[in-house]
file query23.cif (mmCIF, C-alpha atoms)
data_structure
loop_
_atom_site.label_atom_id
_atom_site.label_comp_id
_atom_site.auth_asym_id
_atom_site.auth_seq_id
_atom_site.Cartn_x
_atom_site.Cartn_y
_atom_site.Cartn_z
CA MET A 1 92.27 100.60 103.35
CA SER A 2 91.16 101.61 106.86
CA THR A 3 93.40 98.96 108.48
CA ILE A 4 96.42 100.24 106.58
CA ARG A 5 95.63 103.84 107.47
CA LYS A 6 95.57 102.69 111.08
CA VAL A 7 99.13 101.38 110.65
CA ILE A 8 100.27 104.82 109.48
CA GLU A 9 98.55 106.52 112.38
CA ASP A 10 100.02 104.00 114.83
CA VAL A 11 103.66 104.36 113.84
CA TYR A 12 104.41 107.64 112.11
CA MET A 13 105.46 109.37 115.33
CA TRP A 14 108.00 106.69 116.22
CA ASP A 15 111.71 107.61 116.44
CA MET A 16 112.77 105.64 113.39
CA ALA A 17 116.24 105.77 111.84
CA PRO A 18 118.07 103.41 109.44
CA VAL A 19 118.97 101.33 112.52
CA SER A 20 117.01 102.04 115.70
CA PRO A 21 114.87 100.43 118.40
CA ASP A 22 111.73 101.92 116.87
CA GLY A 23 112.81 100.57 113.49
CA ASP A 24 112.74 97.13 115.10
CA ARG A 25 109.30 97.89 116.55
CA LEU A 26 108.09 98.77 113.05
CA VAL A 27 109.18 95.35 111.79
CA ALA A 28 106.99 93.65 114.38
CA ARG A 29 104.04 95.93 113.61
CA LEU A 30 104.19 95.34 109.86
CA GLN A 31 104.44 91.59 110.37
CA GLU A 32 100.96 91.83 111.84
CA GLU A 33 99.79 92.85 108.35
CA LEU A 34 101.79 90.42 106.17
CA PRO A 35 104.12 87.51 107.02
CA PHE A 36 107.26 89.37 105.99
CA GLU A 37 110.61 87.61 105.94
CA VAL A 38 113.24 89.68 107.77
CA ARG A 39 116.76 90.08 106.43
CA SER A 40 119.17 91.52 108.98
CA PHE A 41 122.49 93.26 108.34
CA ALA A 42 124.86 94.06 111.19
CA SER A 43 126.18 97.51 111.98
CA GLY A 44 129.65 97.99 110.51
CA THR A 45 128.97 95.93 107.39
CA GLU A 46 130.59 97.77 104.47
CA LYS A 47 130.72 97.60 100.70
CA ASN A 48 131.50 100.18 97.99
CA GLY A 49 131.75 102.92 100.58
CA TRP A 50 128.35 102.10 102.05
CA GLY A 51 128.38 101.21 105.72
CA ILE A 52 125.52 100.16 107.98
CA PRO A 53 125.41 102.55 110.95
CA ASN A 54 124.93 101.74 114.60
CA SER A 55 121.56 101.63 116.23
CA TRP A 56 120.73 105.15 117.43
CA HIS A 57 118.12 106.91 119.51
CA TYR A 58 118.17 109.61 122.14
CA GLY A 59 116.85 110.34 125.58
CA LYS A 60 116.99 113.83 127.03
CA ALA A 61 117.34 116.59 124.42
CA GLU A 62 117.10 120.09 125.84
CA ILE A 63 118.12 123.68 125.33
CA ARG A 64 118.13 125.76 128.53
CA LYS A 65 118.82 129.41 129.27
CA ASP A 66 119.37 130.62 132.79
CA GLY A 67 118.24 127.22 134.01
CA LYS A 68 114.89 127.50 132.20
CA LEU A 69 113.90 124.95 129.59
CA ILE A 70 113.28 126.79 126.32
CA TYR A 71 113.21 123.80 123.96
CA ASP A 72 112.50 120.09 124.44
CA GLY A 73 113.75 118.00 121.51
CA ARG A 74 111.73 115.06 122.76
CA ALA A 75 108.43 116.78 121.98
CA HIS A 76 108.55 115.59 118.34
CA PRO A 77 110.61 112.90 116.53
CA LEU A 78 112.15 115.58 114.30
CA GLY A 79 113.37 117.64 117.27
CA VAL A 80 116.95 116.31 117.14
CA ALA A 81 119.19 115.93 114.10
CA GLY A 82 119.31 112.31 113.00
CA TYR A 83 122.34 110.47 114.41
CA SER A 84 123.33 113.48 116.49
CA PRO A 85 126.09 112.57 118.97
CA SER A 86 125.72 113.28 122.66
CA VAL A 87 126.51 116.76 123.89
CA HIS A 88 126.38 118.53 127.24
CA LYS A 89 127.92 121.94 127.15
CA THR A 90 127.31 125.65 127.55
CA VAL A 91 127.50 127.72 124.38
CA GLN A 92 127.00 131.29 123.29
CA LEU A 93 124.11 132.24 121.00
CA GLU A 94 126.28 132.38 117.89
CA GLU A 95 127.50 128.81 118.35
CA LEU A 96 124.03 127.54 119.24
CA LYS A 97 122.55 128.93 116.04
CA GLU A 98 125.15 127.03 114.01
CA HIS A 99 123.57 123.81 115.29
CA LEU A 100 119.91 124.70 114.70
CA VAL A 101 117.90 124.10 111.53
CA TYR A 102 114.42 125.39 110.70
CA SER A 103 111.90 125.80 107.90
CA ASN A 104 111.43 129.22 106.33
CA GLU A 105 108.20 128.07 104.69
CA TRP A 106 106.67 126.70 107.90
CA PRO A 107 108.09 128.91 110.67
CA GLU A 108 106.11 127.22 113.45
CA ASP A 109 107.01 123.68 112.44
CA LEU A 110 110.05 121.44 112.25
CA VAL A 111 112.20 120.34 109.33
CA PHE A 112 113.68 116.84 108.91
CA HIS A 113 117.44 117.04 109.54
CA CYS A 114 118.59 113.74 107.95
CA THR A 115 122.01 114.66 106.54
CA HIS A 116 123.85 112.44 109.02
CA PHE A 117 121.73 109.42 108.05
CA PHE A 118 123.72 109.19 104.83
CA ARG A 119 126.92 111.08 105.65
CA PRO A 120 128.00 109.64 108.99
CA LEU A 121 131.53 111.07 108.72
CA GLU A 122 130.06 114.58 108.92
CA ARG A 123 128.15 114.04 112.13
CA GLU A 124 127.68 116.84 114.63
CA TRP A 125 125.09 117.59 117.28
CA GLY A 126 122.02 119.57 116.30
CA PHE A 127 118.36 120.38 116.84
CA SER A 128 115.46 121.09 114.53
CA VAL A 129 113.46 124.03 115.91
CA PRO A 130 110.60 126.29 114.80
CA LYS A 131 111.89 129.41 113.09
CA VAL A 132 109.81 131.54 115.45
CA LEU A 133 111.88 130.13 118.32
CA PHE A 134 115.14 130.64 116.43
CA ASP A 135 114.27 134.28 115.73
CA ALA A 136 113.34 134.89 119.37
CA LEU A 137 116.66 133.68 120.83
CA GLU A 138 118.56 136.35 122.73
CA GLU A 139 122.22 136.80 123.55
CA GLY A 140 123.53 134.84 126.50
CA ASP A 141 124.67 131.42 127.69
CA TYR A 142 122.74 128.32 126.63
CA GLU A 143 123.04 124.85 128.11
CA VAL A 144 122.57 122.15 125.46
CA ILE A 145 122.00 118.52 126.32
CA ILE A 146 121.55 115.57 123.97
CA GLU A 147 121.79 112.12 125.49
CA ALA A 148 122.32 109.93 122.43
CA VAL A 149 122.31 106.17 122.78
CA GLU A 150 124.40 104.48 120.11
CA GLN A 151 125.43 100.84 119.91
CA PRO A 152 125.82 98.04 117.36
CA GLY A 153 122.53 96.80 115.96
CA HIS A 154 120.97 95.41 112.80
CA LEU A 155 119.39 97.03 109.78
CA ARG A 156 116.13 95.24 108.93
CA ALA A 157 114.82 94.72 105.41
CA LEU A 158 111.38 93.16 105.06
CA GLU A 159 110.34 91.16 102.03
CA PHE A 160 107.11 89.38 101.21
CA THR A 161 106.90 87.35 98.02
CA LEU A 162 103.88 86.05 96.12
CA PRO A 163 104.95 83.40 93.59
CA GLY A 164 103.41 83.35 90.14
CA SER A 165 103.44 80.82 87.35
CA SER A 166 106.72 82.42 86.22
CA ASP A 167 109.78 82.95 88.41
CA GLN A 168 110.42 86.30 86.72
CA GLU A 169 110.12 88.77 89.60
CA VAL A 170 108.79 92.31 89.95
CA PHE A 171 109.47 94.08 93.24
CA PHE A 172 107.82 97.09 94.84
CA HIS A 173 109.83 99.17 97.29
CA ALA A 174 108.89 101.62 100.06
CA HIS A 175 111.21 102.99 102.74
CA SER A 176 110.81 102.77 106.50
CA CYS A 177 113.25 105.14 108.20
CA HIS A 178 111.62 108.58 108.40
CA PRO A 179 110.55 109.62 111.90
CA GLY A 180 107.52 111.82 112.42
CA GLN A 181 106.35 111.65 108.79
CA ALA A 182 103.32 109.91 107.33
CA ASN A 183 103.27 110.43 103.56
CA ASP A 184 107.05 110.09 103.19
CA ASP A 185 107.02 107.16 103.07
CA LEU A 186 104.60 105.24 105.22
CA SER A 187 102.04 105.91 102.49
CA GLY A 188 104.18 103.77 100.18
CA VAL A 189 104.45 101.07 102.84
CA ALA A 190 100.69 101.13 103.46
CA CYS A 191 99.69 101.04 99.81
CA GLY A 192 102.22 98.30 99.10
CA ILE A 193 100.76 96.14 101.85
CA GLU A 194 97.22 96.70 100.61
CA LEU A 195 98.28 95.85 97.05
CA PHE A 196 99.81 92.56 98.14
CA LYS A 197 96.76 91.61 100.17
CA ARG A 198 94.74 92.03 96.97
CA LEU A 199 97.29 90.27 94.76
CA ALA A 200 97.23 87.30 97.17
CA LYS A 201 93.57 86.77 96.26
CA ARG A 202 94.27 86.60 92.53
CA SER A 203 94.67 83.20 90.91
CA ASP A 204 95.91 84.59 87.58
CA ARG A 205 99.32 85.86 88.69
CA LYS A 206 101.90 85.14 86.03
CA LEU A 207 104.85 87.04 87.47
CA THR A 208 106.30 86.64 90.94
CA TYR A 209 105.81 89.76 93.06
CA THR A 210 107.85 90.96 96.04
CA LEU A 211 107.18 93.81 98.43
CA LEU A 212 110.39 95.21 99.92
CA VAL A 213 110.20 97.58 102.90
CA SER A 214 113.55 98.82 104.13
CA PRO A 215 115.49 101.91 105.23
CA GLU A 216 116.17 104.24 102.34
CA LEU A 217 119.22 103.42 100.19
CA PHE A 218 121.00 101.33 102.89
CA GLY A 219 118.28 98.70 102.93
CA SER A 220 118.01 98.38 99.16
CA PHE A 221 121.77 98.25 98.70
CA PHE A 222 122.45 95.49 101.21
CA TRP A 223 119.28 93.55 100.40
CA LEU A 224 120.20 93.39 96.74
CA ASP A 225 123.81 92.54 97.55
CA SER A 226 122.68 89.65 99.77
CA LEU A 227 120.60 87.88 97.12
CA PRO A 228 121.89 84.79 95.32
CA LYS A 229 122.99 85.55 91.78
CA ASP A 230 120.35 83.27 90.29
CA ARG A 231 117.61 85.27 92.01
CA VAL A 232 119.09 88.60 90.96
CA ALA A 233 119.01 87.35 87.37
CA LYS A 234 115.24 86.90 87.72
CA LEU A 235 114.56 90.41 89.02
CA LYS A 236 112.77 91.72 85.96
CA TYR A 237 111.50 95.15 87.05
CA GLY A 238 111.20 97.42 90.07
CA VAL A 239 108.57 99.94 91.15
CA MET A 240 109.31 102.65 93.73
CA LEU A 241 106.34 103.77 95.86
CA LYS A 242 107.37 107.18 97.19
CA SER A 243 105.03 109.66 98.88
CA VAL A 244 101.88 108.36 97.21
CA GLY A 245 99.13 109.49 99.61
CA ASN A 246 98.93 113.29 99.46
CA ASP A 247 96.26 115.17 97.54
CA ALA A 248 98.03 115.66 94.22
CA PRO A 249 98.06 113.78 90.89
CA MET A 250 100.38 110.80 90.62
CA LYS A 251 103.53 111.25 88.54
CA LEU A 252 105.61 108.68 86.70
CA GLN A 253 109.39 108.62 86.70
CA LEU A 254 110.69 106.39 83.94
CA SER A 255 113.37 103.76 84.24
CA TYR A 256 116.90 104.52 83.05
CA PRO A 257 116.24 102.99 79.59
CA GLY A 258 112.85 104.71 79.57
CA ASP A 259 111.23 102.43 76.97
CA THR A 260 110.80 99.08 78.69
CA GLU A 261 107.68 97.07 79.43
CA ILE A 262 107.50 98.48 82.97
CA ASP A 263 107.55 102.03 81.58
CA LEU A 264 104.62 101.17 79.31
CA ALA A 265 102.79 99.55 82.21
CA GLY A 266 103.27 102.62 84.39
CA ARG A 267 102.02 104.94 81.68
CA ASN A 268 98.98 102.85 80.89
CA ALA A 269 97.98 102.36 84.53
CA LEU A 270 98.20 106.08 85.24
CA ARG A 271 96.28 107.04 82.11
CA SER A 272 93.59 104.42 82.77
CA VAL A 273 92.94 105.52 86.35
CA GLN A 274 93.94 109.18 86.46
CA GLY A 275 93.68 110.44 82.89
CA GLU A 276 96.28 113.13 82.26
CA PHE A 277 99.56 112.76 84.13
CA VAL A 278 103.11 114.07 84.27
CA GLU A 279 106.10 111.88 83.55
CA GLY A 280 109.83 112.53 83.61
CA PRO A 281 113.09 110.74 82.87
CA PHE A 282 115.13 108.70 85.30
CA ARG A 283 116.02 110.48 88.55
CA ARG A 284 114.45 113.76 87.38
CA VAL A 285 111.11 113.55 89.23
CA TYR A 286 111.92 112.15 92.67
CA GLY A 287 115.34 110.68 93.39
CA ASN A 288 115.42 107.61 95.59
CA ASP A 289 116.46 103.95 95.62
CA GLU A 290 116.03 103.45 91.88
CA THR A 291 119.75 104.26 91.54
CA ILE A 292 120.54 101.16 93.62
CA PHE A 293 118.58 98.82 91.37
CA GLU A 294 119.69 100.42 88.10
CA ALA A 295 123.38 100.41 89.13
CA PRO A 296 126.01 98.63 86.99
CA GLY A 297 125.92 94.88 87.38
CA TYR A 298 122.18 94.91 88.15
CA GLU A 299 120.58 97.30 85.65
CA ILE A 300 117.02 96.41 86.66
CA PRO A 301 114.58 98.79 84.90
CA THR A 302 112.89 100.60 87.80
CA ILE A 303 110.15 103.19 87.65
CA SER A 304 108.88 105.47 90.40
CA LEU A 305 105.32 106.45 91.25
CA THR A 306 105.00 109.55 93.40
CA ARG A 307 102.78 112.50 94.27
CA TYR A 308 105.88 114.58 95.06
CA PRO A 309 106.36 117.48 95.52
CA PHE A 310 103.99 118.33 98.34
CA PRO A 311 104.24 121.37 100.62
CA GLU A 312 104.64 119.39 103.83
CA TYR A 313 107.60 117.35 102.55
CA HIS A 314 110.31 116.70 105.19
CA THR A 315 108.52 118.70 107.87
CA SER A 316 106.43 118.01 110.94
CA ARG A 317 103.37 118.92 108.86
CA ASP A 318 103.61 115.55 107.07
CA VAL A 319 100.77 113.97 109.04
CA PRO A 320 98.06 111.42 108.14
CA GLU A 321 95.51 114.19 107.67
CA ILE A 322 97.18 115.35 104.43
CA MET A 323 96.37 111.96 102.83
CA PRO A 324 92.76 111.66 101.65
CA HIS A 325 91.32 108.16 101.64
CA ALA A 326 90.49 108.56 97.96
CA ARG A 327 94.14 109.18 97.04
CA LEU A 328 95.35 106.11 98.93
CA GLU A 329 92.69 104.00 97.25
CA GLU A 330 93.56 105.49 93.86
CA THR A 331 97.22 104.56 94.37
CA VAL A 332 96.37 100.92 95.03
CA THR A 333 94.07 100.83 92.00
CA ILE A 334 96.90 102.16 89.81
CA LEU A 335 99.18 99.44 91.14
CA GLU A 336 96.58 96.76 90.51
CA ARG A 337 96.21 97.94 86.91
CA LEU A 338 99.99 97.90 86.49
CA CYS A 339 100.22 94.30 87.70
CA GLN A 340 97.32 93.22 85.53
CA SER A 341 99.02 94.56 82.42
CA LEU A 342 102.31 92.85 83.26
CA ASP A 343 100.62 89.51 83.94
CA HIS A 344 98.56 89.61 80.74
CA ASN A 345 100.88 91.32 78.28
CA HIS A 346 100.47 88.58 75.70
CA ARG A 347 102.02 88.72 72.28
CA LEU A 348 99.60 88.03 69.44
CA GLN A 349 99.94 85.47 66.64
CA ARG A 350 97.55 85.45 63.66
CA HIS A 351 96.27 82.31 61.95
CA PHE A 352 94.96 83.86 58.73
CA GLU A 353 96.08 85.89 55.72
CA GLY A 354 94.55 89.06 54.40
CA LEU A 355 92.10 91.46 55.99
CA LEU A 356 89.27 90.23 58.18
CA GLY A 357 85.77 91.64 58.00
CA LEU A 358 85.56 92.58 61.68
CA SER A 359 81.84 93.34 61.58
CA HIS A 360 80.94 89.86 60.31
CA PRO A 361 79.05 87.85 62.95
CA ARG A 362 81.78 85.24 62.80
CA TYR A 363 84.08 87.78 64.48
CA ASP A 364 81.87 90.61 65.80
CA LEU A 365 84.98 92.67 66.55
CA TYR A 366 84.08 95.96 64.93
CA GLN A 367 84.16 98.86 67.40
CA ARG A 368 81.36 101.21 66.48
CA TYR A 369 82.63 104.31 64.69
CA TYR A 370 81.04 107.66 63.90
CA ASN A 371 77.80 107.44 61.92
CA PRO A 372 76.32 110.84 61.03
CA ALA A 373 73.00 109.19 60.10
CA GLU A 374 72.39 108.25 63.74
CA ARG A 375 71.49 111.01 66.17
CA ASP A 376 72.99 109.15 69.13
CA SER A 377 76.16 108.12 67.31
CA PRO A 378 79.26 108.62 69.47
CA GLY A 379 81.44 111.58 68.59
CA ARG A 380 84.39 111.20 66.32
CA GLY A 381 86.97 111.91 68.99
CA ALA A 382 85.67 109.28 71.37
CA GLN A 383 86.12 106.52 68.80
CA TYR A 384 89.26 107.55 66.95
CA ASP A 385 91.59 105.49 69.16
CA TRP A 386 89.68 102.27 68.57
CA HIS A 387 89.28 103.10 64.91
CA TYR A 388 93.02 103.31 64.37
CA LEU A 389 93.66 100.24 66.50
CA MET A 390 91.43 98.24 64.17
CA ILE A 391 93.28 99.64 61.16
CA ASP A 392 96.79 99.04 62.51
CA MET A 393 96.45 95.83 64.47
CA PHE A 394 96.69 93.34 61.61
CA ARG A 395 100.37 94.08 61.12
CA ASP A 396 100.93 93.59 64.86
CA LEU A 397 99.69 89.99 64.91
CA ASP A 398 103.17 88.62 64.24
CA GLY A 399 103.96 86.98 67.57
CA GLN A 400 106.31 89.83 68.49
CA ILE A 401 104.11 92.75 69.59
CA GLY A 402 102.55 92.74 73.06
CA LEU A 403 99.20 94.03 74.20
CA LEU A 404 100.81 96.78 76.29
CA GLU A 405 102.57 98.20 73.27
CA ILE A 406 99.30 98.20 71.32
CA ALA A 407 97.36 99.75 74.20
CA GLU A 408 99.92 102.51 74.67
CA ARG A 409 100.28 103.23 70.97
CA HIS A 410 96.55 103.99 70.85
CA LYS A 411 96.26 105.48 74.36
CA LEU A 412 93.67 102.91 75.43
CA PRO A 413 93.19 101.26 78.84
CA PHE A 414 94.96 97.93 78.98
CA ASP A 415 92.00 96.07 80.45
CA LYS A 416 89.77 97.14 77.54
CA VAL A 417 92.39 96.11 75.00
CA LEU A 418 92.83 92.78 76.78
CA ASP A 419 89.08 92.17 76.67
CA TYR A 420 89.00 92.98 72.96
CA PHE A 421 91.84 90.64 72.01
CA THR A 422 90.56 87.90 74.30
CA LYS A 423 87.36 87.98 72.26
CA PHE A 424 89.51 87.97 69.09
CA ARG A 425 91.42 84.92 70.39
CA ASP A 426 88.17 83.10 71.14
CA THR A 427 87.27 83.23 67.43
CA GLY A 428 90.33 81.07 66.71
CA ALA A 429 91.77 83.67 64.34
CA ILE A 430 94.67 84.53 66.69
CA SER A 431 96.39 83.02 69.70
CA PHE A 432 98.18 84.47 72.71
CA VAL A 433 101.92 83.89 72.93
CA ASP A 434 103.55 84.19 76.39
#

call {"tool": "encode", "arguments": {"input": "query23.cif", "output": "structure tokens"}}
result
Amino acid sequence: MSTIRKVIEDVYMWDMAPVSPDGDRLVARLQEELPFEVRSFASGTEKNGWGIPNSWHYGKAEIRKDGKLIYDGRAHPLGVAGYSPSVHKTVQLEELKEHLVYSNEWPEDLVFHCTHFFRPLEREWGFSVPKVLFDALEEGDYEVIIEAVEQPGHLRALEFTLPGSSDQEVFFHAHSCHPGQANDDLSGVACGIELFKRLAKRSDRKLTYTLLVSPELFGSFFWLDSLPKDRVAKLKYGVMLKSVGNDAPMKLQLSYPGDTEIDLAGRNALRSVQGEFVEGPFRRVYGNDETIFEAPGYEIPTISLTRYPFPEYHTSRDVPEIMPHARLEETVTILERLCQSLDHNHRLQRHFEGLLGLSHPRYDLYQRYYNPAERDSPGRGAQYDWHYLMIDMFRDLDGQIGLLEIAERHKLPFDKVLDYFTKFRDTGAISFVD
């Protein structure tokens, strides 16, 4: 994980935007980690009211009073409103304040002014400033200068695919367009890269996995639109990785249907690694690109994993230091568990009639239950889940029910349930159906 953390530290202070020179630099840096394929979409490309903006960055960005520099927007990537046009004029205090944004919660820090990223027709010049500076401004003339550089460019979407034995595809998405922020969402990028390095070492991949890194919304929309229809038909599920590094429990946002295999996989992975967790319905926990993938004509069940909200969200306080190593590692472990359950979610077919004696040596499948005659017998609560699994499972061996559904019904870790039914299969009494 240290290499990936280094990536975050290297790039989070770059002046990234949906299309920007530093966005292009990020592509090159991430290709040092994985051999991403780059899909490029030219500025001006439009569909359904979505349009790819020009490449944008800025040079000088200053506020002066009486010839004295009182604010330098170049001091931090959040210092200028995203996609601000150029301006060089003298204004009165009242007009200046109309073009300044700040954080009430963090008065000495900056807030991310990203409105113009997604509403380019509303563009106007602006700065993000500390509230303490805003409050200290006095009446008088102010010279404002923003030297914006805007020209046609290309939006870059990165994809890296690991083929499995099946061409059914699961994609993971993280966005790459937030300047001066580490957790949102370079943590998702970093953890996604680490996951795929680990998946590449596995020889038991059933599904095909893709990591997509692209600017928020724009990238997902045009990437999906560019795919051949036969590939789109194979996109089985999506997983959003959004702000997954901060020191808070992971949350699960369900897909639009809310009851699909990927929803079960998300639940089980979180419960197995984290224990208790919070979940919410579609778009009610952390809204992001899932709306692109679940849109009409695609309808790809897509869940989100996030540690949102966090106090530093969309401010200059979103730095690598708010992301403990243990949380980043935990995120990747959750993702590994999720992939394991998808790859091994076998359906179960019985080859017998009647009830089996699970404790017989021929099977040796009985999970020890409470025995009051033994002083060291496990407590009732610890064994109830396995007890009821053993009672219920015989009706589930019909070739229709998958291991994930069984694991979630009994709130048991998928890997333990897989081990149990693998042993059951090895007796010859059942078989796995894929």

call {"tool": "atom_distance", "arguments": {"input": "query23.cif", "atom1": "CA of Ser176 in chain A", "atom2": "CA of Leu212 in chain A"}}
result
10.0 Å

call {"tool": "residues_around", "arguments": {"input": "query23.cif", "residues": "Trp106 in chain A", "least_positions_apart": "3", "cutoff": "8 Å", "atoms": "all atoms listed in the file", "output": "PDB file with C-alpha atoms, keeping the file's coordinate frame"}}
result
ATOM      1  CA  SER A 103     111.900 125.800 107.900  1.00  0.00           C
ATOM      2  CA  ASP A 109     107.010 123.680 112.440  1.00  0.00           C
ATOM      3  CA  LEU A 110     110.050 121.440 112.250  1.00  0.00           C
ATOM      4  CA  PRO A 130     110.600 126.290 114.800  1.00  0.00           C
ATOM      5  CA  LYS A 131     111.890 129.410 113.090  1.00  0.00           C
TER       6      LYS A 131
END

call {"tool": "residues_around", "arguments": {"input": "query23.cif", "residues": "range 336-343 of chain A", "least_positions_apart": "4", "cutoff": "8 Å", "atoms": "only C-alpha atoms", "output": "list in words"}}
result
Leu195, Leu199, Asp204, Arg205, Lys206, Leu207, Glu261, Ile262, Ala265, Gly266, Asn268, Ala269, Val332, Leu404, Phe414 and Asp415 of chain A

call {"tool": "resolve_selection", "arguments": {"input": "query23.cif", "expression": "the PyMOL selection byres ((chain A and resi 121) around 12)", "output": "mmCIF file with C-alpha atoms, in the coordinates of the input"}}
result
data_model
loop_
_atom_site.group_PDB
_atom_site.id
_atom_site.type_symbol
_atom_site.label_atom_id
_atom_site.label_comp_id
_atom_site.auth_asym_id
_atom_site.auth_seq_id
_atom_site.Cartn_x
_atom_site.Cartn_y
_atom_site.Cartn_z
ATOM 1 C CA GLY A 49 131.750 102.920 100.580
ATOM 2 C CA TRP A 50 128.350 102.100 102.050
ATOM 3 C CA GLY A 51 128.380 101.210 105.720
ATOM 4 C CA PRO A 53 125.410 102.550 110.950
ATOM 5 C CA TYR A 83 122.340 110.470 114.410
ATOM 6 C CA SER A 84 123.330 113.480 116.490
ATOM 7 C CA PRO A 85 126.090 112.570 118.970
ATOM 8 C CA THR A 115 122.010 114.660 106.540
ATOM 9 C CA HIS A 116 123.850 112.440 109.020
ATOM 10 C CA PHE A 117 121.730 109.420 108.050
ATOM 11 C CA PHE A 118 123.720 109.190 104.830
ATOM 12 C CA ARG A 119 126.920 111.080 105.650
ATOM 13 C CA PRO A 120 128.000 109.640 108.990
ATOM 14 C CA GLU A 122 130.060 114.580 108.920
ATOM 15 C CA ARG A 123 128.150 114.040 112.130
ATOM 16 C CA GLU A 124 127.680 116.840 114.630
#

call {"tool": "residues_around", "arguments": {"input": "query23.cif", "residues": "Gly287 in chain A", "least_positions_apart": "5", "cutoff": "10 Å", "atoms": "all atoms listed in the file", "output": "PDB file with C-alpha atoms, in the coordinates of the input"}}
result
ATOM      1  CA  LYS A 242     107.370 107.180  97.190  1.00  0.00           C
ATOM      2  CA  GLN A 253     109.390 108.620  86.700  1.00  0.00           C
ATOM      3  CA  PHE A 282     115.130 108.700  85.300  1.00  0.00           C
ATOM      4  CA  SER A 304     108.880 105.470  90.400  1.00  0.00           C
TER       5      SER A 304
END

call {"tool": "atom_distance", "arguments": {"input": "query23.cif", "atom1": "CA of Leu217 in chain A", "atom2": "CA of Gly153 in chain A"}}
result
17.4 Å

call {"tool": "atom_distance", "arguments": {"input": "query23.cif", "atom1": "CA of Arg271 in chain A", "atom2": "CA of Lys411 in chain A"}}
result
7.9 Å

call {"tool": "closest_residue", "arguments": {"input": "query23.cif", "among": "A:Trp125, A:Phe41, A:Tyr209, A:Phe134", "to": "Leu155 in chain A", "atoms": "all atoms listed in the file"}}
result
A:Phe41

call {"tool": "closest_residue", "arguments": {"input": "query23.cif", "among": "A:Asp398, A:Asp247, A:Asp364, A:Glu405", "to": "Glu321 in chain A", "atoms": "all atoms listed in the file"}}
result
A:Asp247

call {"tool": "resolve_selection", "arguments": {"input": "query23.cif", "expression": "the PyMOL selection byres ((chain A and resi 319) around 8)", "output": "ChimeraX atom specification"}}
result
/A:12,180-183,316-318,320-323

call {"tool": "closest_residue", "arguments": {"input": "query23.cif", "among": "A:Asp396, A:Leu389, A:Val278, A:Tyr142", "to": "Lys68 in chain A", "atoms": "all atoms listed in the file"}}
result
A:Tyr142

call {"tool": "residues_around", "arguments": {"input": "query23.cif", "residues": "Asn54 in chain A", "least_positions_apart": "5", "cutoff": "9 Å", "atoms": "only C-alpha atoms", "output": "list of chain:residue names"}}
result
A:Pro18, A:Val19, A:Ser20, A:Ala42, A:Ser43, A:Gly44, A:Glu150, A:Gln151, A:Pro152, A:Gly153, A:His154, A:Leu155
